[in-house]
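Undergrad: Take a look at run-v1.pdb, PDB, C-alpha atoms:
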MODEL        1
ATOM      1  CA  MET A   1       0.000   0.000   0.000
ATOM      2  CA  ASN A   2       1.382   3.384  -0.985
ATOM      3  CA  VAL A   3       0.171   6.262   1.177
ATOM      4  CA  PRO A   4       1.116   9.905   0.501
ATOM      5  CA  TYR A   5       2.807  11.909   3.228
ATOM      6  CA  SER A   6       0.750  14.600   4.898
ATOM      7  CA  SER A   7       1.739  18.242   4.943
ATOM      8  CA  ASP A   8       4.647  18.924   7.244
ATOM      9  CA  LYS A   9       3.872  20.938  10.365
ATOM     10  CA  ARG A  10       5.385  21.541  13.767
ATOM     11  CA  VAL A  11       3.330  19.945  16.552
ATOM     12  CA  GLU A  12       2.534  22.091  19.586
ATOM     13  CA  GLY A  13       1.616  20.702  23.000
ATOM     14  CA  GLU A  14       2.398  17.352  24.581
ATOM     15  CA  LEU A  15       1.795  15.037  21.645
ATOM     16  CA  GLY A  16       0.348  15.081  18.158
ATOM     17  CA  LEU A  17       0.269  12.912  15.052
ATOM     18  CA  ASN A  18       0.733  14.420  11.593
ATOM     19  CA  SER A  19       0.417  11.219   9.584
ATOM     20  CA  CYS A  20       1.272   7.546   9.408
ATOM     21  CA  GLY A  21       1.050   4.703   6.943
ATOM     22  CA  ALA A  22       2.925   2.000   5.077
ATOM     23  CA  GLN A  23       4.494   1.635   1.670
ATOM     24  CA  THR A  24       6.120  -1.153  -0.316
ATOM     25  CA  ILE A  25       9.052  -0.100  -2.466
ATOM     26  CA  ALA A  26       9.224  -2.529  -5.390
ATOM     27  CA  GLU A  27       8.670  -0.586  -8.632
ATOM     28  CA  ARG A  28      11.702   1.727  -8.577
ATOM     29  CA  ASP A  29      14.506   2.871  -6.320
ATOM     30  CA  CYS A  30      13.488   5.560  -3.846
ATOM     31  CA  GLN A  31      16.144   8.189  -3.126
ATOM     32  CA  VAL A  32      15.114  10.977  -0.761
ATOM     33  CA  ARG A  33      16.668  14.251   0.375
ATOM     34  CA  ARG A  34      14.465  16.492   2.498
ATOM     35  CA  GLN A  35      13.961  18.146   5.865
ATOM     36  CA  ARG A  36      10.836  18.205   8.028
ATOM     37  CA  SER A  37       9.640  20.103  11.094
ATOM     38  CA  ASP A  38       8.379  16.999  12.924
ATOM     39  CA  PHE A  39       9.807  13.663  14.063
ATOM     40  CA  THR A  40       9.999  10.888  11.462
ATOM     41  CA  VAL A  41      10.141   7.148  12.157
ATOM     42  CA  MET A  42      10.493   4.717   9.251
ATOM     43  CA  TYR A  43      10.356   1.113  10.457
ATOM     44  CA  LEU A  44      11.582  -1.687   8.182
ATOM     45  CA  ALA A  45       9.050  -4.515   8.460
ATOM     46  CA  GLN A  46      10.812  -6.099   5.497
ATOM     47  CA  GLY A  47      13.846  -5.388   3.358
ATOM     48  CA  ARG A  48      16.461  -2.715   3.990
ATOM     49  CA  ALA A  49      17.340   0.947   3.515
ATOM     50  CA  ILE A  50      20.520   2.990   3.397
ATOM     51  CA  LEU A  51      20.792   5.994   5.727
ATOM     52  CA  TYR A  52      23.394   8.648   4.869
ATOM     53  CA  ARG A  53      24.952  10.677   7.685
ATOM     54  CA  GLY A  54      27.429  13.006   6.035
ATOM     55  CA  ARG A  55      29.875  10.670   4.308
ATOM     56  CA  LYS A  56      28.824   7.735   6.463
ATOM     57  CA  ARG A  57      26.589   5.043   4.957
ATOM     58  CA  VAL A  58      24.440   3.108   7.482
ATOM     59  CA  GLU A  59      22.502  -0.005   6.493
ATOM     60  CA  VAL A  60      19.075  -0.342   8.128
ATOM     61  CA  ARG A  61      17.523  -3.807   8.029
ATOM     62  CA  GLU A  62      14.302  -5.574   9.033
ATOM     63  CA  GLY A  63      13.387  -4.846  12.650
ATOM     64  CA  GLU A  64      15.260  -1.543  12.621
ATOM     65  CA  ALA A  65      14.084   2.019  12.031
ATOM     66  CA  LEU A  66      15.390   5.172  10.425
ATOM     67  CA  PHE A  67      14.826   8.006  12.883
ATOM     68  CA  PHE A  68      14.940  11.740  12.177
ATOM     69  CA  PRO A  69      14.341  14.519  14.750
ATOM     70  CA  PRO A  70      12.762  17.805  13.621
ATOM     71  CA  ASP A  71      14.746  20.121  11.357
ATOM     72  CA  VAL A  72      17.407  17.485  10.639
ATOM     73  CA  PRO A  73      18.310  16.770   6.988
ATOM     74  CA  GLN A  74      16.950  13.425   5.819
ATOM     75  CA  ARG A  75      18.854  11.450   3.213
ATOM     76  CA  TYR A  76      18.137   7.787   2.556
ATOM     77  CA  THR A  77      17.616   5.232  -0.207
ATOM     78  CA  PHE A  78      15.375   2.197  -0.718
ATOM     79  CA  PHE A  79      16.284  -0.155  -3.565
ATOM     80  CA  LYS A  80      13.475  -1.787  -5.516
ATOM     81  CA  SER A  81      15.349  -5.104  -5.574
ATOM     82  CA  ASP A  82      14.950  -5.383  -1.777
ATOM     83  CA  VAL A  83      11.113  -5.120  -1.948
ATOM     84  CA  SER A  84      11.132  -3.191   1.315
ATOM     85  CA  VAL A  85       8.056  -2.574   3.479
ATOM     86  CA  ASN A  86       8.326   0.736   5.314
ATOM     87  CA  LYS A  87       5.894   1.638   8.127
ATOM     88  CA  TRP A  88       6.235   5.352   8.828
ATOM     89  CA  VAL A  89       5.031   7.894  11.376
ATOM     90  CA  HIS A  90       5.313  11.695  11.477
ATOM     91  CA  PHE A  91       4.627  13.193  14.912
ATOM     92  CA  GLY A  92       5.716  15.790  17.427
ATOM     93  CA  GLY A  93       5.233  17.259  20.881
ATOM     94  CA  THR A  94       7.099  17.674  24.134
ATOM     95  CA  LEU A  95       6.649  14.010  25.066
ATOM     96  CA  ALA A  96       8.972  13.073  22.199
ATOM     97  CA  SER A  97      11.639  15.669  23.039
ATOM     98  CA  PRO A  98      13.965  13.159  24.835
ATOM     99  CA  LEU A  99      14.437  11.479  21.430
ATOM    100  CA  GLU A 100      15.709  14.668  19.802
ATOM    101  CA  ALA A 101      19.354  14.303  20.819
ATOM    102  CA  GLY A 102      21.512  12.200  18.537
ATOM    103  CA  GLY A 103      20.424  13.465  15.131
ATOM    104  CA  ALA A 104      19.531  11.202  12.231
ATOM    105  CA  ARG A 105      20.193   7.610  13.214
ATOM    106  CA  LYS A 106      19.276   3.944  13.123
ATOM    107  CA  ILE A 107      17.307   2.507  16.049
ATOM    108  CA  THR A 108      17.247  -1.247  16.603
ATOM    109  CA  VAL A 109      13.788  -2.068  17.956
ATOM    110  CA  LEU A 110      13.966  -4.634  20.744
ATOM    111  CA  ASN A 111      10.255  -5.253  21.366
ATOM    112  CA  ARG A 112       9.423  -5.863  17.713
ATOM    113  CA  ARG A 113       6.035  -7.473  18.329
ATOM    114  CA  ASP A 114       4.829  -4.601  20.508
ATOM    115  CA  PHE A 115       6.260  -2.036  18.129
ATOM    116  CA  GLU A 116       4.663  -3.517  15.017
ATOM    117  CA  ASN A 117       1.318  -3.968  16.807
ATOM    118  CA  ALA A 118       1.434  -0.337  17.920
ATOM    119  CA  LEU A 119       2.268   0.868  14.403
ATOM    120  CA  ASP A 120      -0.573  -1.181  12.914
ATOM    121  CA  GLY A 121      -2.994  -0.036  15.628
ATOM    122  CA  LEU A 122      -1.988   3.581  15.057
ATOM    123  CA  ALA A 123      -2.625   3.241  11.324
ATOM    124  CA  ARG A 124      -6.078   1.718  11.914
ATOM    125  CA  ALA A 125      -7.019   4.524  14.305
ATOM    126  CA  TYR A 126      -5.620   7.204  11.984
ATOM    127  CA  ASN A 127      -7.697   5.879   9.097
ATOM    128  CA  GLY A 128     -10.836   5.964  11.246
ATOM    129  CA  ILE A 129     -11.413   2.242  11.671
ATOM    130  CA  GLY A 130     -13.199   1.592  14.954
ATOM    131  CA  GLU A 131     -14.450   3.826  17.739
ATOM    132  CA  ARG A 132     -12.578   6.349  19.898
ATOM    133  CA  ARG A 133     -10.165   7.283  17.106
ATOM    134  CA  GLU A 134      -8.432  10.109  18.969
ATOM    135  CA  ASP A 135      -7.988   8.130  22.198
ATOM    136  CA  LEU A 136      -6.526   5.158  20.350
ATOM    137  CA  THR A 137      -4.237   7.330  18.241
ATOM    138  CA  ALA A 138      -2.781   9.042  21.302
ATOM    139  CA  GLY A 139      -2.413   5.758  23.165
ATOM    140  CA  TYR A 140      -0.589   3.943  20.381
ATOM    141  CA  LEU A 141       1.663   6.924  19.710
ATOM    142  CA  ARG A 142       2.670   7.010  23.374
ATOM    143  CA  VAL A 143       3.589   3.322  23.189
ATOM    144  CA  ILE A 144       5.666   3.860  20.030
ATOM    145  CA  ILE A 145       7.634   6.683  21.666
ATOM    146  CA  ALA A 146       8.174   4.676  24.852
ATOM    147  CA  LEU A 147       9.413   1.628  22.922
ATOM    148  CA  LEU A 148      11.830   3.767  20.906
ATOM    149  CA  ARG A 149      13.219   5.271  24.106
ATOM    150  CA  GLU A 150      13.394   1.848  25.721
ATOM    151  CA  SER A 151      15.199   0.368  22.698
ATOM    152  CA  GLU A 152      17.877   3.062  22.736
ATOM    153  CA  SER A 153      18.312   2.791  26.482
ATOM    154  CA  LYS A 154      18.615  -1.003  26.505
ATOM    155  CA  THR A 155      20.863  -1.040  23.437
ATOM    156  CA  GLU A 156      23.241   1.370  25.113
ATOM    157  CA  LYS A 157      23.363  -0.872  28.184
ATOM    158  CA  GLY A 158      23.663  -4.018  26.092
ATOM    159  CA  LYS A 159      20.754  -5.704  27.862
ATOM    160  CA  PRO A 160      18.088  -7.439  25.759
ATOM    161  CA  ASN A 161      14.484  -6.944  26.783
ATOM    162  CA  ALA A 162      11.706  -9.531  26.527
ATOM    163  CA  PRO A 163       8.495  -8.460  24.705
ATOM    164  CA  HIS A 164       5.668  -7.566  27.081
ATOM    165  CA  ARG A 165       2.786  -7.090  24.575
ATOM    166  CA  LEU A 166       1.912  -3.656  25.921
ATOM    167  CA  SER A 167       0.021  -2.640  22.786
ATOM    168  CA  GLU A 168      -2.364  -5.593  23.233
ATOM    169  CA  ALA A 169      -3.058  -4.550  26.824
ATOM    170  CA  LEU A 170      -3.623  -0.987  25.659
ATOM    171  CA  ASN A 171      -6.110  -2.198  23.074
ATOM    172  CA  TYR A 172      -7.928  -4.241  25.758
ATOM    173  CA  ILE A 173      -8.241  -1.124  27.940
ATOM    174  CA  HIS A 174      -9.579   1.034  25.109
ATOM    175  CA  VAL A 175     -12.090  -1.583  23.964
ATOM    176  CA  ASN A 176     -13.437  -2.157  27.487
ATOM    177  CA  ALA A 177     -12.913   1.321  28.972
ATOM    178  CA  TYR A 178     -16.619   2.096  29.441
ATOM    179  CA  SER A 179     -17.732  -1.255  30.817
ATOM    180  CA  GLU A 180     -16.437  -3.618  33.474
ATOM    181  CA  ILE A 181     -12.674  -3.821  33.116
ATOM    182  CA  ASP A 182     -10.071  -5.870  34.946
ATOM    183  CA  LEU A 183      -6.636  -4.263  35.035
ATOM    184  CA  ASP A 184      -5.195  -7.483  36.437
ATOM    185  CA  ARG A 185      -6.226  -9.089  33.155
ATOM    186  CA  ALA A 186      -4.454  -6.300  31.280
ATOM    187  CA  ALA A 187      -1.306  -7.142  33.247
ATOM    188  CA  SER A 188      -1.696 -10.840  32.473
ATOM    189  CA  ILE A 189      -1.918 -10.048  28.745
ATOM    190  CA  CYS A 190       1.633  -8.689  29.100
ATOM    191  CA  PHE A 191       2.756 -11.667  31.209
ATOM    192  CA  LEU A 192       3.670  -9.198  33.947
ATOM    193  CA  SER A 193       2.838  -8.859  37.613
ATOM    194  CA  ARG A 194       0.438  -6.036  38.411
ATOM    195  CA  ASP A 195       3.213  -3.938  39.993
ATOM    196  CA  ARG A 196       5.537  -4.423  37.029
ATOM    197  CA  PHE A 197       2.696  -3.728  34.600
ATOM    198  CA  ASN A 198       1.894  -0.473  36.406
ATOM    199  CA  HIS A 199       5.526   0.597  36.030
ATOM    200  CA  VAL A 200       5.805  -0.363  32.343
ATOM    201  CA  PHE A 201       2.444   1.203  31.494
ATOM    202  CA  LYS A 202       3.308   4.490  33.194
ATOM    203  CA  GLU A 203       6.631   4.642  31.340
ATOM    204  CA  ALA A 204       4.783   4.191  28.041
ATOM    205  CA  THR A 205       1.759   6.459  28.521
ATOM    206  CA  GLY A 206       2.787   8.870  31.271
ATOM    207  CA  PHE A 207       0.041   7.619  33.624
ATOM    208  CA  PRO A 208      -0.614   4.564  35.820
ATOM    209  CA  PRO A 209      -3.275   2.258  34.292
ATOM    210  CA  ASN A 210      -6.072   3.338  36.651
ATOM    211  CA  VAL A 211      -5.407   7.045  36.017
ATOM    212  CA  TYR A 212      -5.200   6.467  32.260
ATOM    213  CA  LEU A 213      -8.543   4.633  32.373
ATOM    214  CA  THR A 214     -10.161   7.454  34.348
ATOM    215  CA  LYS A 215      -8.898  10.031  31.853
ATOM    216  CA  LEU A 216     -10.353   8.015  28.969
ATOM    217  CA  ARG A 217     -13.718   7.927  30.716
ATOM    218  CA  ILE A 218     -13.696  11.638  31.543
ATOM    219  CA  GLU A 219     -12.796  12.620  27.967
ATOM    220  CA  ARG A 220     -15.690  10.514  26.687
ATOM    221  CA  ALA A 221     -17.988  12.011  29.324
ATOM    222  CA  LYS A 222     -17.131  15.534  28.132
ATOM    223  CA  GLN A 223     -18.211  14.579  24.616
ATOM    224  CA  LEU A 224     -21.482  13.053  25.839
ATOM    225  CA  LEU A 225     -22.353  16.051  28.011
ATOM    226  CA  ARG A 226     -21.604  18.701  25.387
ATOM    227  CA  ASP A 227     -22.357  16.972  22.085
ATOM    228  CA  GLU A 228     -25.119  14.499  22.895
ATOM    229  CA  GLY A 229     -26.936  16.263  25.722
ATOM    230  CA  LEU A 230     -26.958  13.385  28.224
ATOM    231  CA  ASN A 231     -27.767  14.207  31.811
ATOM    232  CA  VAL A 232     -25.249  13.475  34.571
ATOM    233  CA  ARG A 233     -26.703  10.095  35.585
ATOM    234  CA  GLU A 234     -26.934   8.860  31.997
ATOM    235  CA  CYS A 235     -23.431  10.059  31.263
ATOM    236  CA  ALA A 236     -21.989   8.356  34.346
ATOM    237  CA  GLU A 237     -23.539   5.044  33.333
ATOM    238  CA  CYS A 238     -22.296   5.338  29.753
ATOM    239  CA  VAL A 239     -18.666   5.807  30.758
ATOM    240  CA  GLY A 240     -18.513   3.081  33.398
ATOM    241  CA  PHE A 241     -19.378   4.818  36.705
ATOM    242  CA  ASP A 242     -22.016   3.078  38.836
ATOM    243  CA  ASP A 243     -22.285   5.976  41.293
ATOM    244  CA  PRO A 244     -23.224   9.371  39.783
ATOM    245  CA  ASN A 245     -22.005  11.199  42.893
ATOM    246  CA  TYR A 246     -18.571   9.603  42.627
ATOM    247  CA  PHE A 247     -18.545  10.412  38.920
ATOM    248  CA  CYS A 248     -19.239  14.073  39.718
ATOM    249  CA  ARG A 249     -16.341  14.200  42.192
ATOM    250  CA  VAL A 250     -13.899  12.581  39.746
ATOM    251  CA  PHE A 251     -15.082  14.786  36.869
ATOM    252  CA  LYS A 252     -14.720  18.008  38.867
ATOM    253  CA  LYS A 253     -11.250  17.013  40.095
ATOM    254  CA  ASP A 254     -10.059  16.355  36.535
ATOM    255  CA  VAL A 255     -11.865  19.115  34.620
ATOM    256  CA  GLY A 256     -12.188  21.827  37.273
ATOM    257  CA  VAL A 257     -15.973  22.207  37.105
ATOM    258  CA  SER A 258     -18.918  19.919  37.786
ATOM    259  CA  PRO A 259     -20.461  17.887  34.933
ATOM    260  CA  LYS A 260     -23.592  20.038  35.099
ATOM    261  CA  LYS A 261     -21.629  23.282  34.705
ATOM    262  CA  TYR A 262     -19.543  21.777  31.924
ATOM    263  CA  ALA A 263     -22.671  20.703  30.054
ATOM    264  CA  GLY A 264     -23.977  24.263  30.390
ATOM    265  CA  GLY A 265     -20.896  25.655  28.689
ATOM    266  CA  GLU A 266     -19.088  26.885  31.776
ATOM    267  CA  GLY A 267     -16.108  24.520  31.411
TER
ENDMDL
END
Go ahead and render the structure in this file as structure tokens.
TA:
Amino acid sequence: MNVPYSSDKRVEGELGLNSCGAQTIAERDCQVRRQRSDFTVMYLAQGRAILYRGRKRVEVREGEALFFPPDVPQRYTFFKSDVSVNKWVHFGGTLASPLEAGGARKITVLNRRDFENALDGLARAYNGIGERREDLTAGYLRVIIALLRESESKTEKGKPNAPHRLSEALNYIHVNAYSEIDLDRAASICFLSRDRFNHVFKEATGFPPNVYLTKLRIERAKQLLRDEGLNVRECAECVGFDDPNYFCRVFKKDVGVSPKKYAGGEG
């Protein structure tokens, strides 16, 4: 599948996706020289690419990624004879800023299964397949950034890391966010203890699992109150709160105003 790149733009705020997709290079060689204002990740699911850093020529193979921070010249080549499959993401935001140091480079992805699942999940959300597109997009992008940081950290230390299937747990949370959900089951999906899962999940998303779940529910509640006109009790039930009073307390703590005031346009 060949997908055109989106317009290049600098991303403000914590995190934002410009575009993502996949392409197979088989018809002709692809030689690129350019510079963008966002981060670029190009993951080799198959084949190889050549990254040029000044006079240095770096070979990037399956399971590795070309990585470019903002405003860094990009020069690379795909050869049609390799029939390469490139899964790419353009993104930005302060959450990605720790990746900026180091310039254009190759990153060897250690948790390949998680990384590929997150890339595929991000592409599905970006193309509007399934519900809660924005929540899923942000979640998968957080995982991708965390796995890139983890890969560089572990590679530097020379310590391999076993896959923990975080993207599958993330998908479980998003699918079941507004009904009964068992975070112990999410941990078991990753083959991790609950304590270890909490640590890994927070590293990836910036929040512990229970806080992340609450934020998902509150964001959905804001949409229901403003866009669909549900009352407080109906809204609480729709986003997984059995007690409307508890829902009101959690909502006010997170948003700063009560659900009723928010629905009236005071938030």
Undergrad: Rank nothing, just name the residue among A:Arg165, A:Arg105, A:His174, A:Arg149 nearest to Ser188 in chain A, using all atoms listed in the file.
TA: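 Of A:Arg165, A:Arg105, A:His174, A:Arg149, the one nearest Ser188 in chain A is A:Arg165, counting all atoms listed in the file.
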Undergrad: Suppose a student applies the PyMOL selection byres ((chain A and resi 18) around 9) to this structure; what residues should they get, written as a PyMOL selection string?
TA: chain A and resi 5-11+16-17+19-20+38+89-92
Undergrad: Write the residues of the selection above to a file with C-alpha atoms, as a PDB file, in the frame of the given file.
TA:
ATOM      1  CA  TYR A   5       2.807  11.909   3.228  1.00  0.00           C
ATOM      2  CA  SER A   6       0.750  14.600   4.898  1.00  0.00           C
ATOM      3  CA  SER A   7       1.739  18.242   4.943  1.00  0.00           C
ATOM      4  CA  ASP A   8       4.647  18.924   7.244  1.00  0.00           C
ATOM      5  CA  LYS A   9       3.872  20.938  10.365  1.00  0.00           C
ATOM      6  CA  ARG A  10       5.385  21.541  13.767  1.00  0.00           C
ATOM      7  CA  VAL A  11       3.330  19.945  16.552  1.00  0.00           C
ATOM      8  CA  GLY A  16       0.348  15.081  18.158  1.00  0.00           C
ATOM      9  CA  LEU A  17       0.269  12.912  15.052  1.00  0.00           C
ATOM     10  CA  SER A  19       0.417  11.219   9.584  1.00  0.00           C
ATOM     11  CA  CYS A  20       1.272   7.546   9.408  1.00  0.00           C
ATOM     12  CA  ASP A  38       8.379  16.999  12.924  1.00  0.00           C
ATOM     13  CA  VAL A  89       5.031   7.894  11.376  1.00  0.00           C
ATOM     14  CA  HIS A  90       5.313  11.695  11.477  1.00  0.00           C
ATOM     15  CA  PHE A  91       4.627  13.193  14.912  1.00  0.00           C
ATOM     16  CA  GLY A  92       5.716  15.790  17.427  1.00  0.00           C
TER      17      GLY A  92
END
Undergrad: For Leu147 in chain A, which of A:Ala104, A:Ala204, A:Ala177, A:Leu170 is the closest residue, counting only C-alpha atoms?
TA: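 The closest residue to Leu147 in chain A is A:Ala204.
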Undergrad: Run the PyMOL selection byres ((chain A and resi 66) around 10) against the file shown and list the residues it catches, as number ranges by chain.
TA: A: 40-44, 49-51, 58-61, 64-65, 67-68, 74, 76, 86, 88, 104-108
Undergrad: Under the PyMOL selection byres ((chain A and resi 167) around 12), which residues of this model are included? Write them out as an NGL selection string.
TA: :A and (111-122 or 136-137 or 139-144 or 146-147 or 163-166 or 168-174 or 186-187 or 189-190 or 200-201 or 204-205)
Undergrad: Neighbours of Thr24 in chain A within 10 Å (all atoms listed in the file; same-chain residues fewer than 3 positions away dropped), as a JSON list (two decimals) with C-alpha atoms, keeping the file's coordinate frame?
TA:
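Output below, filename part19.json:
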[["chain", "number", "residue", "atom", "x", "y", "z"],
["A", 1, "MET", "CA", 0.00, 0.00, 0.00],
["A", 2, "ASN", "CA", 1.38, 3.38, -0.98],
["A", 3, "VAL", "CA", 0.17, 6.26, 1.18],
["A", 27, "GLU", "CA", 8.67, -0.59, -8.63],
["A", 45, "ALA", "CA", 9.05, -4.51, 8.46],
["A", 46, "GLN", "CA", 10.81, -6.10, 5.50],
["A", 47, "GLY", "CA", 13.85, -5.39, 3.36],
["A", 78, "PHE", "CA", 15.38, 2.20, -0.72],
["A", 80, "LYS", "CA", 13.48, -1.79, -5.52],
["A", 82, "ASP", "CA", 14.95, -5.38, -1.78],
["A", 83, "VAL", "CA", 11.11, -5.12, -1.95],
["A", 84, "SER", "CA", 11.13, -3.19, 1.32],
["A", 85, "VAL", "CA", 8.06, -2.57, 3.48],
["A", 86, "ASN", "CA", 8.33, 0.74, 5.31],
["A", 87, "LYS", "CA", 5.89, 1.64, 8.13]]
Undergrad: What gap, in Å, lies between CA of Val255 in chain A and CA of Lys222 in chain A?
TA: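 Taking CA of Val255 in chain A and CA of Lys222 in chain A, their separation equals 9.1 Å.
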Undergrad: I'd like to know which of A:Cys238, A:Ala138, A:Val211, A:Ala22 is closest to Val250 in chain A, using only C-alpha atoms.
TA: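 That would be A:Val211, the residue with the smallest distance to Val250 in chain A.
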Undergrad: Please check which residues have atoms at most 12 Å from (6.1, 13.4, 30.6) in the file's coordinates, counting only C-alpha atoms, and write them as an mmCIF file with C-alpha atoms, in the coordinates of the input.
TA:
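Result written to result25.cif:
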data_model
loop_
_atom_site.group_PDB
_atom_site.id
_atom_site.type_symbol
_atom_site.label_atom_id
_atom_site.label_comp_id
_atom_site.auth_asym_id
_atom_site.auth_seq_id
_atom_site.Cartn_x
_atom_site.Cartn_y
_atom_site.Cartn_z
ATOM 1 C CA GLY A 13 1.616 20.702 23.000
ATOM 2 C CA GLU A 14 2.398 17.352 24.581
ATOM 3 C CA LEU A 15 1.795 15.037 21.645
ATOM 4 C CA GLY A 93 5.233 17.259 20.881
ATOM 5 C CA THR A 94 7.099 17.674 24.134
ATOM 6 C CA LEU A 95 6.649 14.010 25.066
ATOM 7 C CA ALA A 96 8.972 13.073 22.199
ATOM 8 C CA SER A 97 11.639 15.669 23.039
ATOM 9 C CA PRO A 98 13.965 13.159 24.835
ATOM 10 C CA ARG A 142 2.670 7.010 23.374
ATOM 11 C CA ILE A 145 7.634 6.683 21.666
ATOM 12 C CA ALA A 146 8.174 4.676 24.852
ATOM 13 C CA LYS A 202 3.308 4.490 33.194
ATOM 14 C CA GLU A 203 6.631 4.642 31.340
ATOM 15 C CA ALA A 204 4.783 4.191 28.041
ATOM 16 C CA THR A 205 1.759 6.459 28.521
ATOM 17 C CA GLY A 206 2.787 8.870 31.271
ATOM 18 C CA PHE A 207 0.041 7.619 33.624
#
Undergrad: What does the structure give for the distance between CA of Leu148 in chain A and CA of Pro69 in chain A, in Å to one decimal?
TA: 12.6 Å
Undergrad: Rounded to one decimal place, report the CA of Gly102 in chain A-CA of Glu152 in chain A distance in Å.
TA: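 CA of Glu152 in chain A lies 10.7 Å from CA of Gly102 in chain A.
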Undergrad: Applying 9 Å and all atoms listed in the file, which residues near Glu237 in chain A remain after dropping the ones on its own chain fewer than 5 positions away? List them as an NGL selection string.
TA: :A and (178-179 or 232 or 242-244)
Undergrad: So that I have them on file, write out the residues from the current selection with C-alpha atoms, as an mmCIF file, in the frame of the given file.
TA:
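For reference, selection-v1.cif as written:
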data_model
loop_
_atom_site.group_PDB
_atom_site.id
_atom_site.type_symbol
_atom_site.label_atom_id
_atom_site.label_comp_id
_atom_site.auth_asym_id
_atom_site.auth_seq_id
_atom_site.Cartn_x
_atom_site.Cartn_y
_atom_site.Cartn_z
ATOM 1 C CA TYR A 178 -16.619 2.096 29.441
ATOM 2 C CA SER A 179 -17.732 -1.255 30.817
ATOM 3 C CA VAL A 232 -25.249 13.475 34.571
ATOM 4 C CA ASP A 242 -22.016 3.078 38.836
ATOM 5 C CA ASP A 243 -22.285 5.976 41.293
ATOM 6 C CA PRO A 244 -23.224 9.371 39.783
#
Undergrad: Between A:Arg233, A:Arg75, A:Lys56, A:Arg48, single out the one closest to Pro259 in chain A, counting only C-alpha atoms.
TA: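 Looking at the shortest contact to Pro259 in chain A, the residue is A:Arg233.
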Undergrad: Excluding Ala221 in chain A and its own-chain neighbours fewer than 6 positions away, which residues fall within 8 Å of it when counting all atoms listed in the file? Please give them as a ChimeraX atom specification.
TA: /A:235-236,238-239
Undergrad: From the list A:Phe197, A:Phe251, A:Tyr126, A:Phe191, which residue is nearest Arg217 in chain A when using all atoms listed in the file?
TA: A:Phe251
Undergrad: May I ask which of the residues A:Ser258, A:Arg226, A:Gly54, A:Gln35 is the closest one to Asp71 in chain A, counting all atoms listed in the file?
TA: A:Gln35
Undergrad: Would you mind writing range 36-50 of chain A with N, CA and C atoms, as an mmCIF file, in the frame of the given file?
TA:
data_model
loop_
_atom_site.group_PDB
_atom_site.id
_atom_site.type_symbol
_atom_site.label_atom_id
_atom_site.label_comp_id
_atom_site.auth_asym_id
_atom_site.auth_seq_id
_atom_site.Cartn_x
_atom_site.Cartn_y
_atom_site.Cartn_z
ATOM 1 N N ARG A 36 12.185 17.986 7.511
ATOM 2 C CA ARG A 36 10.836 18.205 8.028
ATOM 3 C C ARG A 36 10.893 18.893 9.388
ATOM 4 N N SER A 37 9.739 19.405 9.811
ATOM 5 C CA SER A 37 9.640 20.103 11.094
ATOM 6 C C SER A 37 9.147 19.202 12.223
ATOM 7 N N ASP A 38 8.847 17.939 11.898
ATOM 8 C CA ASP A 38 8.379 16.999 12.924
ATOM 9 C C ASP A 38 9.337 15.816 13.021
ATOM 10 N N PHE A 39 9.036 14.891 13.949
ATOM 11 C CA PHE A 39 9.807 13.663 14.063
ATOM 12 C C PHE A 39 9.361 12.690 12.970
ATOM 13 N N THR A 40 10.303 11.911 12.453
ATOM 14 C CA THR A 40 9.999 10.888 11.462
ATOM 15 C C THR A 40 10.565 9.546 11.916
ATOM 16 N N VAL A 41 9.712 8.531 11.916
ATOM 17 C CA VAL A 41 10.141 7.148 12.157
ATOM 18 C C VAL A 41 9.777 6.334 10.925
ATOM 19 N N MET A 42 10.739 5.587 10.410
ATOM 20 C CA MET A 42 10.493 4.717 9.251
ATOM 21 C C MET A 42 10.992 3.324 9.625
ATOM 22 N N TYR A 43 10.033 2.451 9.945
ATOM 23 C CA TYR A 43 10.356 1.113 10.457
ATOM 24 C C TYR A 43 10.370 0.111 9.304
ATOM 25 N N LEU A 44 11.446 -0.685 9.233
ATOM 26 C CA LEU A 44 11.582 -1.687 8.182
ATOM 27 C C LEU A 44 10.941 -3.004 8.635
ATOM 28 N N ALA A 45 9.707 -3.240 8.180
ATOM 29 C CA ALA A 45 9.050 -4.515 8.460
ATOM 30 C C ALA A 45 9.600 -5.610 7.556
ATOM 31 N N GLN A 46 10.223 -5.171 6.467
ATOM 32 C CA GLN A 46 10.812 -6.099 5.497
ATOM 33 C C GLN A 46 11.823 -5.327 4.661
ATOM 34 N N GLY A 47 12.888 -6.004 4.261
ATOM 35 C CA GLY A 47 13.846 -5.388 3.358
ATOM 36 C C GLY A 47 14.921 -4.598 4.070
ATOM 37 N N ARG A 48 15.387 -3.527 3.426
ATOM 38 C CA ARG A 48 16.461 -2.715 3.990
ATOM 39 C C ARG A 48 16.424 -1.313 3.386
ATOM 40 N N ALA A 49 17.169 -0.420 4.014
ATOM 41 C CA ALA A 49 17.340 0.947 3.515
ATOM 42 C C ALA A 49 18.765 1.379 3.811
ATOM 43 N N ILE A 50 19.210 2.413 3.134
ATOM 44 C CA ILE A 50 20.520 2.990 3.397
ATOM 45 C C ILE A 50 20.323 4.407 3.919
#
